[in-house]
Structures are given as C-alpha cells and as structure tokens.
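For reference, upload13.cif is printed below; it contains mmCIF, C-alpha atoms.
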data_my_file
loop_
_atom_site.group_PDB
_atom_site.id
_atom_site.type_symbol
_atom_site.label_atom_id
_atom_site.label_comp_id
_atom_site.auth_asym_id
_atom_site.auth_seq_id
_atom_site.Cartn_x
_atom_site.Cartn_y
_atom_site.Cartn_z
ATOM 1 C CA MET A 822 3.091 -14.416 6.303
ATOM 2 C CA GLU A 823 0.297 -14.446 3.738
ATOM 3 C CA LEU A 824 -0.420 -10.782 4.403
ATOM 4 C CA ILE A 825 3.243 -9.885 3.920
ATOM 5 C CA ASN A 826 3.296 -11.766 0.619
ATOM 6 C CA LYS A 827 0.147 -9.927 -0.446
ATOM 7 C CA ALA A 828 1.804 -6.604 0.376
ATOM 8 C CA LEU A 829 4.937 -7.509 -1.585
ATOM 9 C CA GLU A 830 2.807 -8.489 -4.594
ATOM 10 C CA PHE A 831 0.973 -5.175 -4.319
ATOM 11 C CA GLU A 832 4.311 -3.342 -4.515
ATOM 12 C CA GLN A 833 5.237 -5.130 -7.729
ATOM 13 C CA ARG A 834 2.076 -4.165 -9.636
ATOM 14 C CA LYS A 835 2.237 -1.902 -12.638
ATOM 15 C CA MET A 836 0.852 1.514 -11.778
ATOM 16 C CA ARG A 837 0.624 3.015 -15.257
ATOM 17 C CA SER A 838 -2.371 4.129 -17.269
ATOM 18 C CA LEU A 839 -4.915 3.559 -14.533
ATOM 19 C CA SER A 840 -8.459 4.845 -14.591
ATOM 20 C CA THR A 841 -9.800 6.887 -11.708
ATOM 21 C CA SER A 842 -11.721 3.927 -10.324
ATOM 22 C CA ASP A 843 -8.554 1.803 -10.482
ATOM 23 C CA ARG A 844 -6.697 4.454 -8.507
ATOM 24 C CA VAL A 845 -9.438 4.536 -5.869
ATOM 25 C CA LYS A 846 -9.285 0.734 -5.570
ATOM 26 C CA LEU A 847 -5.489 0.816 -5.267
ATOM 27 C CA SER A 848 -5.635 3.483 -2.594
ATOM 28 C CA ARG A 849 -8.194 1.547 -0.566
ATOM 29 C CA GLU A 850 -6.297 -1.718 -0.942
ATOM 30 C CA ALA A 851 -3.049 -0.062 0.150
ATOM 31 C CA LYS A 852 -4.768 1.450 3.179
ATOM 32 C CA ALA A 853 -6.227 -1.922 4.179
ATOM 33 C CA LEU A 854 -2.842 -3.633 3.806
ATOM 34 C CA ILE A 855 -1.110 -0.949 5.851
ATOM 35 C CA LEU A 856 -3.666 -1.205 8.654
ATOM 36 C CA ASP A 857 -3.471 -5.012 8.714
ATOM 37 C CA LEU A 858 0.321 -4.941 8.741
ATOM 38 C CA ASN A 859 0.193 -2.417 11.558
ATOM 39 C CA GLN A 860 -1.756 -4.886 13.706
ATOM 40 C CA ILE A 861 0.984 -7.472 13.166
ATOM 41 C CA TYR A 862 3.689 -4.880 13.823
ATOM 42 C CA LYS A 863 2.154 -3.956 17.179
ATOM 43 C CA VAL A 864 2.680 -7.542 18.334
ATOM 44 C CA LYS A 865 5.988 -8.501 16.701
ATOM 45 C CA LYS A 866 7.820 -5.146 16.493
ATOM 46 C CA ASP A 867 9.647 -6.393 13.384
ATOM 47 C CA ASP A 868 11.501 -3.674 11.456
ATOM 48 C CA LYS A 869 10.907 -5.476 8.160
ATOM 49 C CA ILE A 870 7.163 -5.039 8.579
ATOM 50 C CA MET A 871 7.677 -1.332 9.266
ATOM 51 C CA ASP A 872 9.740 -1.006 6.083
ATOM 52 C CA ILE A 873 6.978 -2.651 4.046
ATOM 53 C CA MET A 874 4.396 -0.301 5.566
ATOM 54 C CA LYS A 875 6.552 2.714 4.695
ATOM 55 C CA ARG A 876 6.935 1.591 1.070
ATOM 56 C CA LEU A 877 3.193 0.975 0.769
ATOM 57 C CA THR A 878 2.519 4.412 2.217
ATOM 58 C CA VAL A 879 4.705 6.012 -0.456
ATOM 59 C CA ILE A 880 2.774 4.187 -3.185
ATOM 60 C CA LYS A 881 -0.548 5.149 -1.593
ATOM 61 C CA ARG A 882 0.452 8.810 -1.408
ATOM 62 C CA LYS A 883 1.485 8.856 -5.074
ATOM 63 C CA VAL A 884 -1.834 7.347 -6.131
ATOM 64 C CA GLU A 885 -3.827 9.743 -3.949
ATOM 65 C CA LYS A 886 -1.833 12.724 -5.190
ATOM 66 C CA ARG A 887 -2.734 11.785 -8.732
ATOM 67 C CA LEU A 888 -6.378 11.332 -7.731
ATOM 68 C CA LYS A 889 -6.563 14.778 -6.181
ATOM 69 C CA MET A 890 -5.148 16.325 -9.352
ATOM 70 C CA ARG A 891 -7.915 14.701 -11.379
ATOM 71 C CA LEU A 892 -10.820 15.696 -9.168
#

As a first step, turn the structure in this file into structure tokens.
Amino acid sequence: MELINKALEFEQRKMRSLSTSDRVKLSREAKALILDLNQIYKVKKDDKIMDIMKRLTVIKRKVEKRLKMRL
C-alpha cells in the first residue's frame, strides 16, 4: 500500500519549469515505481495497479520526450 501511495503522490507533483537534472530524476523515479508496481501486479493481478502503471508510464514518456528534445 505504501508503494501505491508513493505512486499516487508522484502523479500529483508539479511538472513545470524543471531543469534537465530534475527531469532525469523524475524519469528514473517513475521507472523504479513502475517496476516495483509491476512486481506487485504479477502477484495480485489487480486492475487498479495496472491503471496506475499506465498513468505513470504516460508521465515518464512526456518527461523523456522533453529530455530528448533538449539533448
């Protein structure tokens, strides 16, 4: 449950005016959360966990897209 709460807090963060290093940190944190949630999903097969992972993936892709434009 703590991991799910962490993921929901991550979703609520402001994603504006971030430096490149902040974007890298966000991308890595999102990836770690997604992988950890995936381990839980493999056991429980809960659709709510899958929905959270999908939303985090969208955020991660947006951040990485912006990173690739900068580099």

Got a sec: who's within 9 Å of Leu824 (chain A), counting only C-alpha atoms, leaving out chain neighbours fewer than 3 positions off, as a ChimeraX atom specification?
/A:827-829,854,857-858

Could you write out the selected residues, including C-alpha atoms, as an mmCIF file, keeping the file's coordinate frame?
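Result went into again05.cif, see below:
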data_model
loop_
_atom_site.group_PDB
_atom_site.id
_atom_site.type_symbol
_atom_site.label_atom_id
_atom_site.label_comp_id
_atom_site.auth_asym_id
_atom_site.auth_seq_id
_atom_site.Cartn_x
_atom_site.Cartn_y
_atom_site.Cartn_z
ATOM 1 C CA LYS A 827 0.147 -9.927 -0.446
ATOM 2 C CA ALA A 828 1.804 -6.604 0.376
ATOM 3 C CA LEU A 829 4.937 -7.509 -1.585
ATOM 4 C CA LEU A 854 -2.842 -3.633 3.806
ATOM 5 C CA ASP A 857 -3.471 -5.012 8.714
ATOM 6 C CA LEU A 858 0.321 -4.941 8.741
#

Taking only C-alpha atoms into account, name the residue in A:Leu888, A:Val864, A:Ile825, A:Met871 that is nearest to Thr841 (chain A).
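Among A:Leu888, A:Val864, A:Ile825, A:Met871, it is A:Leu888 that comes nearest to Thr841 (chain A).
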
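Proximity of A:Lys869, A:Glu830, A:Met822, A:Ala851 to Lys883 (chain A), computed with only C-alpha atoms, is greatest for A:Ala851.
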
Let me make sure I understand: among A:Ile870, A:Ile861, A:Val884, A:Lys889, which one has the smallest atom-to-atom distance to Ser838 (chain A) if we use all atoms listed in the file?
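Checking each candidate against Ser838 (chain A), we get A:Val884 as the closest.
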
What is the distance between CA of Leu877 (chain A) and CA of Ala853 (chain A), in Å to one decimal?
10.4 Å

To one decimal in Å, tell me the separation between CA of Lys865 (chain A) and CA of Leu847 (chain A).
26.5 Å

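Note that the spacing between CA of Asp843 (chain A) and CA of Glu823 (chain A) amounts to 23.3 Å.
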
Can you pull out the residues contacting Lys852 (chain A)? Cut-off 12 Å, using all atoms listed in the file, and skip same-chain residues under 6 positions away; I want them as an MDAnalysis selection string.
chainID A and resid 828 831 845:846 858:859 874:882 884:885
